[in-house]
>>> print(open('protein.tsv').read())   # TSV, C-alpha atoms
chain	number	residue	atom	x	y	z
F	1	THR	CA	8.67	6.57	20.93
F	2	ILE	CA	9.85	8.85	18.14
F	3	GLY	CA	9.92	11.75	20.61
F	4	GLU	CA	12.19	9.79	22.95
F	5	LEU	CA	14.54	9.02	20.07
F	6	VAL	CA	14.69	12.69	19.09
F	7	ARG	CA	15.40	13.73	22.67
F	8	SER	CA	18.23	11.20	22.75
F	9	GLY	CA	19.86	12.88	19.75
F	10	TRP	CA	18.50	10.88	16.80
F	11	ARG	CA	17.33	12.74	13.69
F	12	PRO	CA	15.61	10.98	10.78
F	13	ASN	CA	17.18	11.32	7.35
F	14	ARG	CA	13.70	11.89	5.91
F	15	THR	CA	10.82	13.98	7.23
F	16	ILE	CA	8.18	12.24	9.35
F	17	LYS	CA	4.74	13.83	9.76
F	18	PHE	CA	2.09	12.70	12.26
F	19	ALA	CA	-1.57	13.45	11.63
F	20	LEU	CA	-4.87	12.97	13.47
F	21	TRP	CA	-7.73	13.55	11.06
F	22	ASP	CA	-11.03	15.27	11.78
F	23	ALA	CA	-14.36	14.23	10.25
F	24	GLU	CA	-13.34	10.75	9.13
F	25	GLU	CA	-16.85	9.34	9.48
F	26	PHE	CA	-18.40	12.28	7.64
F	27	GLY	CA	-16.71	11.67	4.31
F	28	LEU	CA	-12.98	11.62	5.15
F	29	ILE	CA	-13.19	15.41	5.11
F	30	GLY	CA	-10.13	16.24	7.22
F	31	SER	CA	-7.64	14.12	5.34
F	32	THR	CA	-9.19	14.81	1.93
F	33	GLU	CA	-9.10	18.60	2.32
F	34	TRP	CA	-5.50	18.45	3.56
F	35	VAL	CA	-4.33	16.20	0.72
F	36	GLU	CA	-6.06	18.32	-1.92
F	37	LYS	CA	-4.45	21.46	-0.48
F	38	HIS	CA	-0.96	19.91	-0.37
F	39	ARG	CA	-1.26	17.60	-3.37
F	40	ARG	CA	1.56	19.19	-5.38
F	41	GLU	CA	4.04	18.87	-2.51
F	42	LEU	CA	2.88	15.33	-1.74
F	43	THR	CA	3.32	14.33	-5.37
F	44	GLU	CA	6.89	15.57	-5.29
F	45	LYS	CA	7.95	14.43	-1.82
F	46	ALA	CA	5.68	11.85	-0.15
F	47	ILE	CA	7.31	8.43	0.09
F	48	LEU	CA	4.78	6.51	2.18
F	49	TYR	CA	1.51	7.01	4.03
F	50	LEU	CA	0.77	4.81	7.06
F	51	ASN	CA	-2.81	4.53	8.31
F	52	SER	CA	-4.36	3.02	11.41
F	53	ASP	CA	-8.07	3.40	12.02
F	54	SER	CA	-9.36	0.91	14.58
F	55	ASN	CA	-7.47	-1.63	16.65
F	56	GLY	CA	-8.45	-4.62	18.77
F	57	LYS	CA	-6.76	-7.95	19.30
F	58	GLY	CA	-6.13	-11.06	17.21
F	59	ALA	CA	-4.17	-11.17	13.95
F	60	ILE	CA	-2.70	-8.12	12.31
F	61	ARG	CA	-4.54	-7.33	9.08
F	62	LEU	CA	-3.01	-5.19	6.39
F	63	GLY	CA	-3.95	-3.57	3.12
F	64	GLY	CA	-1.74	-1.54	0.88
F	65	SER	CA	0.36	-1.18	-2.22
F	66	PRO	CA	1.92	-4.37	-3.58
F	67	LEU	CA	5.13	-2.34	-3.94
F	68	LEU	CA	5.48	-2.55	-0.14
F	69	GLU	CA	4.69	-6.25	0.40
F	70	ASP	CA	8.27	-7.46	0.90
F	71	PHE	CA	9.07	-4.50	3.12
F	72	MET	CA	6.05	-5.16	5.36
F	73	ARG	CA	6.79	-8.90	5.54
F	74	GLU	CA	10.21	-8.09	6.97
F	75	VAL	CA	8.72	-5.71	9.55
F	76	LEU	CA	6.19	-8.35	10.65
F	77	ARG	CA	8.90	-11.02	10.69
F	78	ASP	CA	10.82	-8.89	13.20
F	79	THR	CA	7.87	-7.98	15.47
F	80	ARG	CA	6.30	-10.48	17.87
F	81	ASP	CA	2.73	-11.14	18.97
F	82	PRO	CA	2.40	-9.97	22.59
F	83	VAL	CA	0.66	-13.18	23.70
F	84	SER	CA	2.06	-16.06	21.63
F	85	ARG	CA	5.47	-14.39	21.13
F	86	GLU	CA	5.47	-15.71	17.58
F	87	PRO	CA	6.46	-13.35	14.73
F	88	LEU	CA	3.41	-11.39	13.59
F	89	LEU	CA	4.02	-12.66	10.07
F	90	THR	CA	2.83	-16.15	11.03
F	91	ARG	CA	-0.77	-14.96	11.58
F	92	ALA	CA	-0.93	-11.85	9.39
F	93	ARG	CA	-3.93	-11.53	7.06
F	94	PRO	CA	-4.78	-9.28	4.12
F	95	ARG	CA	-7.26	-6.47	4.64
F	96	THR	CA	-9.17	-4.29	2.18
F	97	GLY	CA	-10.89	-1.07	3.14
F	98	ALA	CA	-12.22	-1.17	6.68
F	99	ALA	CA	-12.79	-4.94	6.57
F	100	ALA	CA	-11.27	-7.95	4.90
F	101	THR	CA	-13.24	-9.54	2.10
F	102	PRO	CA	-13.49	-13.29	1.43
F	103	ASP	CA	-11.40	-13.28	-1.78
F	104	THR	CA	-8.46	-11.65	0.01
F	105	GLU	CA	-8.67	-14.02	2.97
F	106	THR	CA	-8.15	-17.18	0.91
F	107	ALA	CA	-4.37	-17.32	0.67
F	108	GLU	CA	-2.73	-20.62	-0.24
F	109	ALA	CA	-1.13	-22.45	2.65
F	110	GLY	CA	2.50	-21.41	2.96
F	111	SER	CA	2.15	-18.54	0.49
F	112	PRO	CA	3.72	-15.19	1.41
F	113	LEU	CA	1.62	-12.44	2.91
F	114	ARG	CA	-0.23	-10.29	0.40
F	115	LEU	CA	-1.34	-6.78	1.19
F	116	GLY	CA	-5.04	-6.62	0.42
F	117	PRO	CA	-5.99	-3.99	-2.19
F	118	LEU	CA	-7.13	-0.75	-0.59
F	119	GLY	CA	-10.79	0.16	-0.88
F	120	ALA	CA	-12.41	2.94	1.13
F	121	GLY	CA	-13.51	3.63	4.69
F	122	SER	CA	-10.44	5.34	6.09
F	123	ASP	CA	-8.04	8.22	5.59
F	124	TYR	CA	-5.62	6.55	3.19
F	125	VAL	CA	-8.18	7.18	0.43
F	126	PRO	CA	-6.97	10.64	-0.69
F	127	PHE	CA	-3.31	9.66	-0.39
F	128	TYR	CA	-3.51	6.42	-2.35
F	129	HIS	CA	-6.49	6.75	-4.67
F	130	HIS	CA	-6.24	10.46	-5.47
F	131	THR	CA	-2.51	11.18	-5.26
F	132	GLY	CA	-0.80	7.84	-5.88
F	133	VAL	CA	1.20	7.80	-2.64
F	134	ALA	CA	2.16	4.23	-1.68
F	135	SER	CA	0.11	3.43	1.44
F	136	VAL	CA	-0.40	0.79	4.13
F	137	ASN	CA	-3.41	0.35	6.43
F	138	ALA	CA	-2.88	-1.86	9.49
F	139	GLY	CA	-4.61	-2.95	12.69
F	140	PHE	CA	-5.34	-5.98	14.86
F	141	SER	CA	-8.76	-7.66	14.74
F	142	GLY	CA	-10.53	-11.00	14.62
F	143	ASP	CA	-10.55	-12.00	18.29
F	144	GLY	CA	-13.73	-10.52	19.70
F	145	GLY	CA	-15.83	-7.66	18.42
F	146	GLY	CA	-19.42	-7.05	17.42
F	147	VAL	CA	-19.86	-3.65	19.03
F	148	TYR	CA	-18.50	-1.45	16.24
F	149	HIS	CA	-20.53	1.78	15.87
F	150	SER	CA	-22.98	0.75	18.59
F	151	VAL	CA	-23.68	2.26	22.01
F	152	TYR	CA	-21.56	-0.56	23.45
F	153	ASP	CA	-18.43	0.67	21.64
F	154	THR	CA	-16.93	2.20	24.78
F	155	ILE	CA	-13.69	2.40	26.76
F	156	TYR	CA	-15.32	0.10	29.34
F	157	TRP	CA	-15.98	-2.58	26.73
F	158	TYR	CA	-12.51	-2.18	25.25
F	159	THR	CA	-10.67	-2.47	28.55
F	160	ARG	CA	-12.91	-5.28	29.84
F	161	PHE	CA	-13.27	-7.47	26.73
F	162	ALA	CA	-10.94	-6.33	23.95
F	163	ASP	CA	-7.30	-5.29	24.33
F	164	THR	CA	-7.61	-5.18	28.11
F	165	GLU	CA	-3.95	-4.41	28.84
F	166	PHE	CA	-3.37	-2.47	25.61
F	167	GLN	CA	-0.89	-5.13	24.54
F	168	TYR	CA	-1.96	-5.03	20.90
F	169	GLY	CA	-2.00	-1.24	20.92
F	170	ARG	CA	1.62	-1.34	22.00
F	171	THR	CA	2.44	-3.93	19.34
F	172	LEU	CA	0.78	-1.90	16.59
F	173	ALA	CA	2.89	1.06	17.73
F	174	GLN	CA	5.97	-1.15	17.41
F	175	VAL	CA	4.98	-2.11	13.86
F	176	MET	CA	4.33	1.47	12.81
F	177	THR	CA	7.49	2.80	14.47
F	178	THR	CA	9.61	0.11	12.83
F	179	VAL	CA	8.17	1.04	9.44
F	180	LEU	CA	8.89	4.73	10.08
F	181	LEU	CA	12.46	4.16	11.25
F	182	ARG	CA	13.36	1.86	8.40
F	183	MET	CA	11.86	4.06	5.71
F	184	ALA	CA	13.24	7.25	7.25
F	185	ASP	CA	16.83	6.04	7.37
F	186	ALA	CA	17.09	3.46	4.58
F	187	PRO	CA	19.93	4.24	2.13
F	188	LEU	CA	17.77	2.64	-0.57
F	189	LEU	CA	13.97	2.62	-0.20
F	190	GLY	CA	12.35	-0.81	0.17
F	191	PHE	CA	10.05	-0.88	-2.87
F	192	ASP	CA	9.55	-4.18	-4.71
F	193	PHE	CA	8.19	-4.23	-8.25
F	194	GLU	CA	7.86	-7.96	-8.83
F	195	ASN	CA	4.93	-8.07	-6.43
F	196	MET	CA	3.11	-5.35	-8.36
F	197	GLY	CA	3.40	-7.36	-11.57
F	198	THR	CA	2.11	-10.42	-9.73
F	199	ALA	CA	-0.82	-8.47	-8.27
F	200	ILE	CA	-1.90	-7.01	-11.62
F	201	ASN	CA	-1.62	-10.42	-13.28
F	202	ARG	CA	-3.81	-11.89	-10.54
F	203	ALA	CA	-6.39	-9.16	-11.12
F	204	LEU	CA	-6.39	-9.75	-14.88
F	205	ARG	CA	-6.85	-13.48	-14.35
F	206	GLN	CA	-9.88	-12.76	-12.18
F	207	VAL	CA	-11.33	-10.55	-14.94
F	208	ARG	CA	-10.96	-13.37	-17.46
F	209	GLU	CA	-12.86	-15.69	-15.14
F	210	LEU	CA	-15.86	-13.35	-14.89
F	211	LYS	CA	-18.93	-13.83	-17.05
F	212	GLY	CA	-18.09	-12.33	-20.44
F	213	GLY	CA	-14.41	-12.05	-19.55
F	214	GLU	CA	-13.34	-13.80	-22.73
F	215	ALA	CA	-14.68	-10.83	-24.71
F	216	VAL	CA	-12.33	-8.34	-23.04
F	217	LYS	CA	-9.12	-7.87	-25.02
F	218	LEU	CA	-6.40	-8.13	-22.40
F	219	ASP	CA	-3.48	-9.26	-24.57
F	220	ASP	CA	-1.77	-5.87	-24.69
F	221	VAL	CA	-1.91	-5.20	-20.97
F	222	THR	CA	-0.88	-8.78	-20.18
F	223	ALA	CA	2.16	-8.37	-22.43
F	224	GLU	CA	3.01	-5.09	-20.74
F	225	VAL	CA	2.78	-6.70	-17.30
F	226	GLY	CA	5.20	-9.35	-18.58
F	227	LYS	CA	7.66	-6.61	-19.54
F	228	LEU	CA	7.19	-5.03	-16.12
F	229	SER	CA	8.03	-8.35	-14.48
F	230	GLU	CA	11.17	-8.66	-16.63
F	231	ALA	CA	12.26	-5.14	-15.67
F	232	ALA	CA	11.54	-5.91	-12.01
F	233	ALA	CA	13.65	-9.07	-12.17
F	234	LYS	CA	16.61	-7.09	-13.55
F	235	TRP	CA	16.18	-4.54	-10.77
F	236	GLU	CA	16.15	-7.29	-8.15
F	237	GLN	CA	19.26	-8.86	-9.66
F	238	GLN	CA	21.16	-5.59	-9.29
F	239	LEU	CA	20.02	-5.34	-5.68
F	240	ARG	CA	21.24	-8.87	-4.95
F	241	GLU	CA	24.61	-7.99	-6.48
F	242	GLY	CA	24.86	-4.96	-4.18
F	243	ALA	CA	25.02	-2.36	-6.95
F	244	TRP	CA	23.49	0.31	-4.69
F	245	GLN	CA	26.34	-0.01	-2.18
F	246	ARG	CA	28.75	1.47	-4.71
F	247	LEU	CA	26.72	4.66	-5.23
F	248	ASP	CA	27.42	8.06	-3.73
F	249	ARG	CA	24.72	9.87	-1.75
F	250	GLN	CA	23.65	12.07	-4.66
F	251	THR	CA	23.13	9.12	-7.00
F	252	LEU	CA	21.27	7.18	-4.32
F	253	ALA	CA	18.94	10.16	-3.90
F	254	ARG	CA	18.21	10.06	-7.65
F	255	VAL	CA	17.39	6.36	-7.48
F	256	ASN	CA	15.15	6.86	-4.45
F	257	GLY	CA	13.35	9.69	-6.22
F	258	VAL	CA	12.41	7.34	-9.03
F	259	LEU	CA	11.44	4.57	-6.59
F	260	PHE	CA	8.95	6.41	-4.40
F	261	ARG	CA	7.36	8.22	-7.33
F	262	SER	CA	6.84	4.95	-9.20
F	263	GLU	CA	3.40	4.42	-7.63
F	264	ARG	CA	2.29	7.71	-9.24
F	265	ALA	CA	2.51	6.00	-12.63
F	266	LEU	CA	-0.55	3.96	-11.65
F	267	ALA	CA	-2.57	7.07	-10.77
F	268	PRO	CA	-2.67	9.05	-14.04
F	269	GLU	CA	-4.31	12.46	-13.97
F	270	ALA	CA	-7.26	11.44	-16.18
F	271	GLY	CA	-8.67	9.26	-13.38
F	272	LEU	CA	-11.22	6.46	-13.59
F	273	PRO	CA	-14.23	6.64	-15.96
F	274	GLY	CA	-17.15	8.48	-14.37
F	275	ARG	CA	-15.24	9.33	-11.17
F	276	ALA	CA	-12.06	11.12	-12.16
F	277	TRP	CA	-11.15	12.04	-8.55
F	278	TYR	CA	-10.22	8.35	-8.08
F	279	LYS	CA	-7.10	7.89	-10.18
F	280	HIS	CA	-5.46	4.59	-9.24
F	281	VAL	CA	-5.79	2.01	-12.03
F	282	TYR	CA	-4.80	-1.01	-9.91
F	283	ALA	CA	-7.31	-0.64	-7.06
F	284	ALA	CA	-10.27	1.54	-6.13
F	285	PRO	CA	-13.31	1.39	-3.86
F	286	GLY	CA	-16.06	-0.44	-5.69
F	287	VAL	CA	-18.79	1.87	-6.98
F	288	TYR	CA	-21.40	-0.35	-5.31
F	289	THR	CA	-19.31	-2.17	-2.68
F	290	GLY	CA	-18.43	0.71	-0.36
F	291	TYR	CA	-15.43	-0.29	1.74
F	292	SER	CA	-14.34	-3.23	-0.40
F	293	ALA	CA	-11.82	-2.76	-3.19
F	294	LYS	CA	-12.04	-3.65	-6.86
F	295	THR	CA	-8.80	-4.39	-8.67
F	296	VAL	CA	-8.29	-3.07	-12.22
F	297	PRO	CA	-11.57	-1.27	-11.46
F	298	ALA	CA	-12.28	0.45	-14.79
F	299	VAL	CA	-12.14	-2.86	-16.65
F	300	ARG	CA	-13.70	-5.06	-13.98
F	301	GLU	CA	-16.70	-2.91	-13.11
F	302	ALA	CA	-17.60	-2.27	-16.75
F	303	LEU	CA	-17.51	-6.01	-17.37
F	304	GLU	CA	-19.56	-6.77	-14.24
F	305	ALA	CA	-22.18	-4.33	-15.49
F	306	GLY	CA	-22.27	-6.08	-18.87
F	307	ARG	CA	-20.66	-3.14	-20.72
F	308	ILE	CA	-18.14	-5.08	-22.79
F	309	GLU	CA	-17.31	-2.11	-25.03
F	310	ASP	CA	-16.54	0.09	-22.01
F	311	ALA	CA	-14.39	-2.67	-20.53
F	312	ASN	CA	-12.34	-2.82	-23.71
F	313	THR	CA	-12.09	0.99	-23.78
F	314	ALA	CA	-10.62	0.89	-20.27
F	315	VAL	CA	-7.80	-1.48	-21.26
F	316	PRO	CA	-5.52	1.00	-23.13
F	317	PRO	CA	-5.26	3.47	-20.19
F	318	LEU	CA	-4.44	0.54	-17.90
F	319	THR	CA	-1.82	-0.65	-20.38
F	320	ALA	CA	-0.30	2.83	-20.59
F	321	ALA	CA	-0.05	3.10	-16.81
F	322	VAL	CA	1.72	-0.26	-16.52
F	323	ARG	CA	4.06	0.80	-19.34
F	324	GLU	CA	4.90	4.00	-17.47
F	325	LEU	CA	5.60	2.04	-14.28
F	326	ARG	CA	7.88	-0.30	-16.22
F	327	SER	CA	9.77	2.68	-17.68
F	328	ARG	CA	10.37	4.00	-14.16
F	329	VAL	CA	11.72	0.65	-13.01
F	330	GLU	CA	14.06	0.63	-15.99
F	331	ARG	CA	15.14	4.18	-15.20
F	332	ALA	CA	15.94	3.27	-11.61
F	333	THR	CA	18.00	0.32	-12.83
F	334	GLU	CA	19.88	2.54	-15.29
F	335	ILE	CA	20.85	4.98	-12.54
F	336	LEU	CA	21.76	2.13	-10.22
F	337	THR	CA	24.14	0.66	-12.78
F	338	HIS	CA	25.50	4.02	-14.03
F	339	ARG	CA	23.90	3.59	-17.46
F	340	HIS	CA	22.55	7.14	-17.61
>>> encode(input="protein.tsv", output="structure tokens")
Amino acid sequence: TIGELVRSGWRPNRTIKFALWDAEEFGLIGSTEWVEKHRRELTEKAILYLNSDSNGKGAIRLGGSPLLEDFMREVLRDTRDPVSREPLLTRARPRTGAAATPDTETAEAGSPLRLGPLGAGSDYVPFYHHTGVASVNAGFSGDGGGVYHSVYDTIYWYTRFADTEFQYGRTLAQVMTTVLLRMADAPLLGFDFENMGTAINRALRQVRELKGGEAVKLDDVTAEVGKLSEAAAKWEQQLREGAWQRLDRQTLARVNGVLFRSERALAPEAGLPGRAWYKHVYAAPGVYTGYSAKTVPAVREALEAGRIEDANTAVPPLTAAVRELRSRVERATEILTHRH
């Protein structure tokens, strides 16, 4: 699809790279080696990483950065299910890692789609967890299955029992292409910070509800998340008032530079305790859960292991990361409103 557009004369305003990774099942070796080699350039330039691993039929399931939730809702609103012809958004479900987990499936009726926190099991891991590049993992599933990684996982099975006419393959391509086109040519990148504040607050509330949670001192980080939410609200207000439409191209580029690098604030170089390669403070693969994600992992996993002191030690780095994200939101707002 992108090739046809290019041949017709279209050129994206931002670079698009396509990748097929080797050795995914053997430790994500292909993507990890590539990201480590190009990490400096990715840190400076990468806006978004899109991942698709397996695809079947059913509802589209998504995991990713909360910064991209509103953007992805709009894409799914504008793309239709190939069978029901309803907008994909009506059946969309969160996904974490290679499979959805029960806590991410229980969304309140009528609540907006949440992107499930990213765990492990596919090639977004080095982009999101190691480099802090905002990422989305998407694919259709839920209607049929049971052959994954067995001798029955064949083209014959897929074309006889799964996506027999490749309708959902085509629809996933439509989703991914729409994301690429909108991000490539958007005058102002579609990052939303209110959802990140909401997601971190939700994670902190879950920590409090765990056994021993009352002993973890979360006041400072909770206050910082509140300040992030206030800064995000001011940013959204400026967007609603159309402040970005009055900016020249150079100033817009400065704003966008702050926007897409904002996720990096949540992946400080020090990394998580005991596994410094994983740097993201909002979500990480659980040490003992494999594919499934843990939110605010340094705090949560220490508490789950009964190490209250370690849980409290993990709070200040989390607080600092949220503070840095808030400062970047404020900086973007300053540039947007010419207060710089």
>>> atom_distance(input="protein.tsv", atom1="atom CA of F:Tyr278", atom2="atom CA of F:Ile308")
21.4 Å
>>> closest_atom_pairs(input="protein.tsv", of="stretch 38-105 of chain F", to="stretch 184-196 of chain F", cutoff="8 Å", atoms="all atoms listed in the file", output="Markdown table")
| residue | atom | partner | partner_atom | distance |
| --- | --- | --- | --- | --- |
| F:Ser65 | CA | F:Met196 | CA | 7.9 |
| F:Pro66 | CA | F:Met196 | CA | 5.0 |
| F:Leu67 | CA | F:Asp192 | CA | 4.8 |
| F:Leu68 | CA | F:Phe191 | CA | 5.6 |
| F:Glu69 | CA | F:Asn195 | CA | 7.1 |
| F:Asp70 | CA | F:Asp192 | CA | 6.6 |
| F:Phe71 | CA | F:Gly190 | CA | 5.8 |
>>> atom_distance(input="protein.tsv", atom1="atom CA of F:Ala267", atom2="atom CA of F:Lys279")
4.6 Å
>>> residues_around(input="protein.tsv", residues="F:Pro268", least_positions_apart="4", cutoff="8 Å", atoms="only C-alpha atoms", output="ChimeraX atom specification")
/F:264,279-281,321
>>> closest_residue(input="protein.tsv", among="F:Gly56, F:Gly64, F:Gly197, F:Gly146", to="F:Ala232", atoms="only C-alpha atoms")
F:Gly197
>>> decode(input="protein.tsv", residues="stretch 169-181 of chain F", atoms="N, CA, C and O atoms", output="PDB file, in the first residue's frame")
ATOM      1  N   GLY F 169      -6.378 -10.067   7.910  1.00  0.00           N
ATOM      2  CA  GLY F 169      -5.035  -9.636   7.537  1.00  0.00           C
ATOM      3  C   GLY F 169      -5.075  -8.306   6.803  1.00  0.00           C
ATOM      4  O   GLY F 169      -4.284  -7.397   7.060  1.00  0.00           O
ATOM      5  N   ARG F 170      -6.033  -8.203   5.882  1.00  0.00           N
ATOM      6  CA  ARG F 170      -6.214  -6.955   5.143  1.00  0.00           C
ATOM      7  C   ARG F 170      -6.597  -5.819   6.084  1.00  0.00           C
ATOM      8  O   ARG F 170      -6.091  -4.699   5.967  1.00  0.00           O
ATOM      9  N   THR F 171      -7.481  -6.106   7.046  1.00  0.00           N
ATOM     10  CA  THR F 171      -7.926  -5.061   7.960  1.00  0.00           C
ATOM     11  C   THR F 171      -6.799  -4.606   8.879  1.00  0.00           C
ATOM     12  O   THR F 171      -6.663  -3.412   9.172  1.00  0.00           O
ATOM     13  N   LEU F 172      -5.970  -5.557   9.334  1.00  0.00           N
ATOM     14  CA  LEU F 172      -4.825  -5.154  10.149  1.00  0.00           C
ATOM     15  C   LEU F 172      -3.877  -4.275   9.337  1.00  0.00           C
ATOM     16  O   LEU F 172      -3.327  -3.299   9.861  1.00  0.00           O
ATOM     17  N   ALA F 173      -3.706  -4.599   8.050  1.00  0.00           N
ATOM     18  CA  ALA F 173      -2.883  -3.746   7.189  1.00  0.00           C
ATOM     19  C   ALA F 173      -3.481  -2.353   7.073  1.00  0.00           C
ATOM     20  O   ALA F 173      -2.750  -1.348   7.054  1.00  0.00           O
ATOM     21  N   GLN F 174      -4.815  -2.266   7.027  1.00  0.00           N
ATOM     22  CA  GLN F 174      -5.459  -0.953   6.976  1.00  0.00           C
ATOM     23  C   GLN F 174      -5.189  -0.162   8.259  1.00  0.00           C
ATOM     24  O   GLN F 174      -4.914   1.042   8.214  1.00  0.00           O
ATOM     25  N   VAL F 175      -5.280  -0.846   9.398  1.00  0.00           N
ATOM     26  CA  VAL F 175      -5.006  -0.177  10.676  1.00  0.00           C
ATOM     27  C   VAL F 175      -3.579   0.357  10.702  1.00  0.00           C
ATOM     28  O   VAL F 175      -3.328   1.528  11.011  1.00  0.00           O
ATOM     29  N   MET F 176      -2.626  -0.518  10.381  1.00  0.00           N
ATOM     30  CA  MET F 176      -1.224  -0.133  10.455  1.00  0.00           C
ATOM     31  C   MET F 176      -0.892   0.983   9.455  1.00  0.00           C
ATOM     32  O   MET F 176      -0.149   1.918   9.758  1.00  0.00           O
ATOM     33  N   THR F 177      -1.445   0.880   8.244  1.00  0.00           N
ATOM     34  CA  THR F 177      -1.178   1.903   7.239  1.00  0.00           C
ATOM     35  C   THR F 177      -1.771   3.244   7.650  1.00  0.00           C
ATOM     36  O   THR F 177      -1.147   4.293   7.463  1.00  0.00           O
ATOM     37  N   THR F 178      -2.960   3.224   8.231  1.00  0.00           N
ATOM     38  CA  THR F 178      -3.571   4.463   8.696  1.00  0.00           C
ATOM     39  C   THR F 178      -2.720   5.110   9.779  1.00  0.00           C
ATOM     40  O   THR F 178      -2.510   6.332   9.782  1.00  0.00           O
ATOM     41  N   VAL F 179      -2.214   4.302  10.710  1.00  0.00           N
ATOM     42  CA  VAL F 179      -1.326   4.827  11.744  1.00  0.00           C
ATOM     43  C   VAL F 179      -0.104   5.467  11.106  1.00  0.00           C
ATOM     44  O   VAL F 179       0.293   6.593  11.447  1.00  0.00           O
ATOM     45  N   LEU F 180       0.526   4.755  10.163  1.00  0.00           N
ATOM     46  CA  LEU F 180       1.734   5.270   9.515  1.00  0.00           C
ATOM     47  C   LEU F 180       1.464   6.578   8.780  1.00  0.00           C
ATOM     48  O   LEU F 180       2.233   7.546   8.901  1.00  0.00           O
ATOM     49  N   LEU F 181       0.389   6.633   8.021  1.00  0.00           N
ATOM     50  CA  LEU F 181       0.091   7.838   7.242  1.00  0.00           C
ATOM     51  C   LEU F 181      -0.189   9.024   8.147  1.00  0.00           C
ATOM     52  O   LEU F 181       0.292  10.142   7.907  1.00  0.00           O
TER      53      LEU F 181
END
